[in-house]
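Peer 1: Contents of run.tsv (TSV, C-alpha atoms):
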chain	number	residue	atom	x	y	z
A	1	MET	CA	0.00	0.00	0.00
A	2	ILE	CA	1.24	3.47	-0.93
A	3	TYR	CA	0.54	6.52	1.20
A	4	LEU	CA	0.78	9.98	-0.39
A	5	GLU	CA	1.52	12.68	2.16
A	6	ALA	CA	-0.05	16.07	1.36
A	7	SER	CA	3.25	17.50	0.07
A	8	ALA	CA	3.39	14.77	-2.58
A	9	LEU	CA	-0.08	15.67	-3.85
A	10	TRP	CA	0.77	19.37	-3.74
A	11	ALA	CA	3.83	18.74	-5.92
A	12	MET	CA	1.52	17.26	-8.52
A	13	TYR	CA	-0.88	20.19	-8.52
A	14	TYR	CA	1.75	22.90	-8.31
A	15	GLY	CA	4.30	21.66	-10.82
A	16	GLU	CA	6.91	20.87	-8.15
A	17	PRO	CA	9.80	18.43	-8.72
A	18	GLY	CA	8.52	14.85	-8.55
A	19	GLY	CA	4.93	15.84	-9.31
A	20	ASP	CA	5.11	13.83	-12.52
A	21	ASN	CA	6.02	10.75	-10.44
A	22	VAL	CA	2.88	11.27	-8.35
A	23	ILE	CA	0.74	11.35	-11.51
A	24	TRP	CA	2.42	8.11	-12.54
A	25	LEU	CA	1.91	6.52	-9.10
A	26	LEU	CA	-1.79	7.39	-9.13
A	27	ASN	CA	-2.16	5.89	-12.60
A	28	ASN	CA	-0.41	2.65	-11.71
A	29	TYR	CA	-0.90	1.91	-8.02
A	30	GLU	CA	-3.66	2.14	-5.47
A	31	CYS	CA	-2.74	5.11	-3.33
A	32	TYR	CA	-4.01	6.36	0.03
A	33	THR	CA	-4.03	9.72	1.74
A	34	SER	CA	-5.79	11.23	4.73
A	35	GLU	CA	-8.86	13.42	4.26
A	36	TRP	CA	-6.76	15.97	6.16
A	37	SER	CA	-4.57	16.38	3.06
A	38	ILE	CA	-7.41	18.19	1.32
A	39	LEU	CA	-7.27	21.00	3.87
A	40	GLU	CA	-3.49	21.19	3.60
A	41	LEU	CA	-3.83	21.54	-0.17
A	42	SER	CA	-6.36	24.34	0.19
A	43	ARG	CA	-4.08	26.10	2.69
A	44	ALA	CA	-1.19	25.76	0.24
A	45	VAL	CA	-3.27	27.50	-2.44
A	46	SER	CA	-4.12	30.36	-0.03
A	47	LYS	CA	-0.51	30.71	0.98
A	48	ARG	CA	0.67	30.94	-2.62
A	49	TYR	CA	-1.94	33.60	-3.27
A	50	ASN	CA	-1.00	35.56	-0.12
A	51	GLN	CA	2.63	35.50	-1.22
A	52	GLY	CA	1.67	36.87	-4.61
A	53	GLU	CA	2.85	33.77	-6.47
A	54	ILE	CA	-0.51	33.18	-8.09
A	55	THR	CA	-3.39	35.43	-9.11
A	56	LYS	CA	-6.88	35.37	-7.58
A	57	ARG	CA	-8.14	33.68	-10.75
A	58	GLU	CA	-5.48	30.99	-10.54
A	59	ALA	CA	-6.15	30.44	-6.83
A	60	ASP	CA	-9.90	30.08	-7.39
A	61	ALA	CA	-9.37	27.77	-10.35
A	62	LEU	CA	-6.78	25.66	-8.49
A	63	ASN	CA	-9.07	25.27	-5.46
A	64	ILE	CA	-11.95	24.15	-7.68
A	65	PHE	CA	-9.70	21.87	-9.69
A	66	ILE	CA	-8.07	20.14	-6.71
A	67	LEU	CA	-11.34	19.27	-4.99
A	68	ALA	CA	-12.95	18.01	-8.21
A	69	ASP	CA	-9.83	16.04	-9.12
A	70	ILE	CA	-9.57	14.39	-5.69
A	71	GLU	CA	-13.24	13.38	-5.99
A	72	LYS	CA	-12.52	11.98	-9.44
A	73	LEU	CA	-9.48	10.03	-8.23
A	74	THR	CA	-11.49	8.51	-5.38
A	75	ARG	CA	-14.36	7.59	-7.70
A	76	GLU	CA	-11.92	5.90	-10.05
A	77	ASN	CA	-10.41	4.00	-7.07
A	78	LYS	CA	-7.01	5.51	-7.78
A	79	LEU	CA	-6.92	7.29	-4.45
A	80	LYS	CA	-8.51	6.21	-1.17
A	81	LEU	CA	-9.24	8.90	1.39
A	82	THR	CA	-8.83	7.71	4.95
A	83	LYS	CA	-10.92	9.24	7.71
A	84	VAL	CA	-9.47	11.32	10.51
A	85	THR	CA	-10.67	9.29	13.48
A	86	TRP	CA	-10.20	9.78	17.20
A	87	ASN	CA	-8.10	6.62	17.22
A	88	LEU	CA	-5.68	8.12	14.67
A	89	ILE	CA	-5.56	11.43	16.52
A	90	LYS	CA	-4.59	9.58	19.71
A	91	LYS	CA	-1.87	7.64	17.87
A	92	ALA	CA	-0.59	10.87	16.31
A	93	TYR	CA	-0.67	12.58	19.70
A	94	HIS	CA	1.77	10.03	21.06
A	95	LEU	CA	4.13	10.41	18.09
A	96	ILE	CA	4.62	14.18	18.29
A	97	PHE	CA	6.90	14.42	21.33
A	98	PRO	CA	9.09	11.32	20.91
A	99	LEU	CA	9.75	12.05	17.23
A	100	ASN	CA	9.46	15.85	17.48
A	101	LEU	CA	6.95	15.95	14.62
A	102	TYR	CA	4.66	18.68	13.36
A	103	ALA	CA	0.97	17.94	14.03
A	104	SER	CA	0.19	17.26	10.37
A	105	ASP	CA	3.23	15.01	9.93
A	106	ALA	CA	2.17	13.03	13.00
A	107	LEU	CA	-1.35	12.56	11.67
A	108	HIS	CA	-0.05	11.38	8.29
A	109	LEU	CA	2.38	9.02	9.99
A	110	SER	CA	-0.23	7.58	12.36
A	111	THR	CA	-2.56	7.05	9.40
A	112	ALA	CA	0.15	5.39	7.32
A	113	LEU	CA	1.07	3.11	10.23
A	114	HIS	CA	-2.54	2.25	11.01
A	115	TYR	CA	-3.19	1.15	7.42
A	116	LYS	CA	0.09	-0.79	7.33
A	117	THR	CA	1.49	1.32	4.53
A	118	LYS	CA	4.58	-0.05	2.83
A	119	ILE	CA	5.86	3.30	1.58
A	120	MET	CA	5.00	6.90	2.35
A	121	PHE	CA	5.83	9.34	-0.42
A	122	VAL	CA	6.74	12.90	0.52
A	123	ASP	CA	8.38	15.90	-1.14
A	124	ASP	CA	12.12	16.56	-0.81
A	125	PHE	CA	11.74	18.86	2.18
A	126	HIS	CA	9.73	16.32	4.18
A	127	PHE	CA	12.10	13.56	3.11
A	128	THR	CA	15.07	15.41	4.61
A	129	ARG	CA	13.10	16.12	7.76
A	130	LEU	CA	11.60	12.66	8.31
A	131	LYS	CA	13.96	10.06	6.84
A	132	ASP	CA	16.14	9.72	9.97
A	133	LYS	CA	13.25	9.89	12.41
A	134	ILE	CA	10.99	7.26	10.92
A	135	LYS	CA	11.98	3.67	10.29
A	136	LYS	CA	8.54	2.36	9.36
A	137	PRO	CA	6.91	2.86	6.90
A	138	LYS	CA	9.69	3.48	4.41
A	139	ILE	CA	9.83	7.17	3.55
A	140	LEU	CA	10.56	7.91	-0.09
A	141	SER	CA	10.97	11.22	-1.86
A	142	ILE	CA	8.76	11.76	-4.89
A	143	THR	CA	11.84	12.99	-6.72
A	144	GLU	CA	13.35	9.49	-6.47
A	145	ASN	CA	14.19	7.96	-9.83
A	146	LYS	CA	11.10	6.26	-11.29
A	147	LYS	CA	12.99	3.00	-11.94
A	148	ASN	CA	14.12	2.90	-8.31
A	149	ILE	CA	10.52	3.48	-7.17
A	150	GLN	CA	9.34	0.62	-9.39
A	151	LYS	CA	12.08	-1.62	-8.02
A	152	ILE	CA	11.21	-0.81	-4.39
A	153	LEU	CA	7.49	-1.25	-4.99
A	154	SER	CA	7.96	-4.61	-6.68
A	155	LYS	CA	9.74	-6.07	-3.62
B	1	MET	CA	-30.22	20.24	-2.84
B	2	SER	CA	-32.61	21.31	-5.63
B	3	VAL	CA	-34.57	18.99	-7.91
B	4	ILE	CA	-34.81	19.76	-11.64
B	5	SER	CA	-36.62	17.96	-14.48
B	6	ILE	CA	-35.17	17.65	-17.96
B	7	ARG	CA	-36.32	15.96	-21.15
B	8	ILE	CA	-33.73	13.68	-22.70
B	9	ASP	CA	-33.96	11.77	-26.00
B	10	GLU	CA	-34.35	8.00	-25.70
B	11	GLU	CA	-31.16	7.43	-27.68
B	12	VAL	CA	-29.17	9.55	-25.26
B	13	ILE	CA	-30.72	7.73	-22.30
B	14	LYS	CA	-29.69	4.44	-23.89
B	15	GLU	CA	-26.10	5.66	-24.31
B	16	LEU	CA	-26.05	6.96	-20.76
B	17	ASN	CA	-27.30	3.61	-19.49
B	18	ASN	CA	-24.54	1.82	-21.38
B	19	LEU	CA	-21.99	4.15	-19.80
B	20	ARG	CA	-23.57	3.65	-16.39
B	21	LYS	CA	-23.10	-0.10	-16.65
B	22	LEU	CA	-19.59	0.24	-18.07
B	23	LYS	CA	-18.39	2.63	-15.36
B	24	GLY	CA	-20.22	0.92	-12.53
B	25	TYR	CA	-22.49	3.77	-11.47
B	26	LYS	CA	-25.53	2.83	-9.40
B	27	SER	CA	-28.02	5.07	-11.21
B	28	LEU	CA	-28.48	7.47	-14.13
B	29	ASN	CA	-28.81	10.21	-11.55
B	30	GLU	CA	-25.14	9.70	-10.61
B	31	VAL	CA	-24.03	9.73	-14.24
B	32	ILE	CA	-25.84	12.96	-14.99
B	33	LYS	CA	-24.56	14.68	-11.86
B	34	GLU	CA	-21.05	13.57	-12.79
B	35	ALA	CA	-21.46	14.94	-16.33
B	36	ILE	CA	-22.65	18.29	-14.98
B	37	LYS	CA	-19.66	18.51	-12.63
B	38	GLU	CA	-17.28	17.75	-15.51
B	39	TYR	CA	-19.01	20.40	-17.61
B	40	ILE	CA	-18.60	23.03	-14.91
B	41	LEU	CA	-14.97	22.05	-14.34
B	42	LYS	CA	-14.21	22.14	-18.05
B	43	ASN	CA	-15.76	25.54	-18.54
B	44	LYS	CA	-14.75	27.23	-15.33
B	45	SER	CA	-11.34	25.72	-14.71
B	46	LEU	CA	-8.19	26.80	-16.48
B	47	TRP	CA	-7.17	23.14	-16.86
B	48	SER	CA	-8.86	19.92	-17.83
B	49	SER	CA	-6.40	17.36	-16.44
B	50	ARG	CA	-3.84	16.98	-13.66
B	51	GLU	CA	-1.08	16.77	-16.28
B	52	GLU	CA	-2.19	20.17	-17.57
B	53	VAL	CA	-2.23	21.80	-14.13
B	54	TYR	CA	1.16	20.26	-13.28
B	55	ASN	CA	2.74	21.57	-16.48
B	56	TYR	CA	1.08	24.98	-16.13
B	57	PHE	CA	2.62	25.67	-12.71
B	58	LYS	CA	5.87	23.90	-13.53
B	59	LYS	CA	6.39	26.37	-16.31
B	60	LYS	CA	5.28	29.28	-14.17
B	61	ASN	CA	7.27	28.52	-11.04
B	62	LYS	CA	10.96	29.11	-11.25
B	63	LYS	CA	11.64	28.50	-7.59
B	64	VAL	CA	11.52	25.05	-5.99
B	65	ARG	CA	9.04	25.21	-3.16
B	66	GLY	CA	6.91	22.79	-1.19
B	67	LEU	CA	4.66	22.91	1.83
B	68	GLU	CA	7.50	23.72	4.22
B	69	ASP	CA	6.67	27.38	4.75
B	70	ILE	CA	3.04	26.54	5.36
B	71	HIS	CA	4.02	24.15	8.12
B	72	ARG	CA	6.38	26.73	9.54
B	73	GLU	CA	3.61	29.32	9.53
B	74	GLU	CA	1.21	27.05	11.37
B	75	GLU	CA	3.67	25.56	13.80
B	76	LEU	CA	2.69	26.18	17.42
Could you express the structure from this file as structure tokens?
Peer 2:
Amino acid sequence: MIYLEASALWAMYYGEPGGDNVIWLLNNYECYTSEWSILELSRAVSKRYNQGEITKREADALNIFILADIEKLTRENKLKLTKVTWNLIKKAYHLIFPLNLYASDALHLSTALHYKTKIMFVDDFHFTRLKDKIKKPKILSITENKKNIQKILSK
Amino acid sequence: MSVISIRIDEEVIKELNNLRKLKGYKSLNEVIKEAIKEYILKNKSLWSSREEVYNYFKKKNKKVRGLEDIHREEEL
């Protein structure tokens, strides 16, 4: 099972490095993410607008597009949205201090662990931040070479 | 939610029913709602696929950025 952290999905929608790998993953593997990712994506759009990186029109269009596309991906069974449950919140709560994680990272990690994820894909920044802290699931950067990803996933 | 009535040709209904079976939708209602959503997205959105949106911003963004500053902003 593959878990896509919010930063991996954002890379796909915002033309970031590795975003093309995420498109490929969604087309070839069953992927999971938390419902929470949707809010992180919306916040990312707002932030880019606040910073003047994108226009109001682009922000509106991107917000509409992301939500519709996530719905489409779930309908096509390419992406499963996992619920944010009290059980996962409690698990995340107990990960924050020992691993010194951000709240969102802890929720993604607790979700990935709960669903016995094999690999959690993140962007380069998260990879640098998490790779030494987390042993399971395997953390992979979305900028990893596609052949290496295929090799790891086939194991 | 509002309810609307529309007249649709039998041939179109037949095609829609074929698509419904093919795509695994439970009812025609779902197919039509889906088609309306796609129509709105196509006409209101600047992009029609995730490849398009990815390439649009890839071209636009020179800097390499992720969600890091958003996390930093919302860190307690």
Peer 1: Select, as an NGL selection string, those residues of chain A with any atom no more than 10 Å from chain B (distances computed using all atoms listed in the file).
Peer 2: :A and (6-8 or 10-17 or 19-20 or 23 or 40-41 or 43-44 or 46-48 or 53-54 or 57-58 or 60-66 or 68-69 or 72 or 75-76 or 102-105 or 123-126)
Peer 1: With distances taken over all atoms listed in the file, which residue among B:Lys21, B:Asp9, B:Leu16, B:Met1 lies nearest Ala35 (chain B)?
Peer 2: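 The closest residue to Ala35 (chain B) is B:Leu16.
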Peer 1: Determine the nearest neighbour of Leu4 (chain A) from the options A:Lys118, A:Lys155, A:His94, A:Lys146, counting all atoms listed in the file.
Peer 2: A:Lys118
Peer 1: Please provide the set of residues having any atom within 12 Å of Ser154 (chain A), restricted to all atoms listed in the file, with same-chain residues fewer than 3 positions apart removed, written as an NGL selection string.
Peer 2: :A and (1-2 or 29 or 118-119 or 147-151)
Peer 1: Write out as an MDAnalysis selection string which residues come within 10 Å of Asn100 (chain A) when counting only C-alpha atoms, dropping same-chain ones fewer than 5 positions away.
Peer 2: chainID A and resid 95 105:106 130 133
Peer 1: What gap, in Å, lies between CA of Ile4 (chain B) and CA of Leu19 (chain B)?
Peer 2: 21.8 Å
Peer 1: Considering only C-alpha atoms, state which residue in the set A:Gly18, A:Leu67, A:Arg129, A:Ser110 is at the smallest distance from Ile38 (chain A).
Peer 2: A:Leu67
Peer 1: So that I can check the surroundings of Lys80 (chain A), please list as a list in words every protein, DNA and RNA residue that reaches within 10 Å of it, counting only C-alpha atoms and ignoring chain neighbours fewer than 4 positions away.
Peer 2: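 My list of contacting residues is Tyr3, Glu30, Cys31, Tyr32, Thr33, Ser34, Glu35, Ile70, Glu71, Leu73, Thr74, Arg75 and Glu76 of chain A.
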Peer 1: So how many Å separate CA of Asn50 (chain A) and CA of Thr128 (chain A), to one decimal?
Peer 2: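 Going from CA of Asn50 (chain A) over to CA of Thr128 (chain A) covers 26.2 Å.
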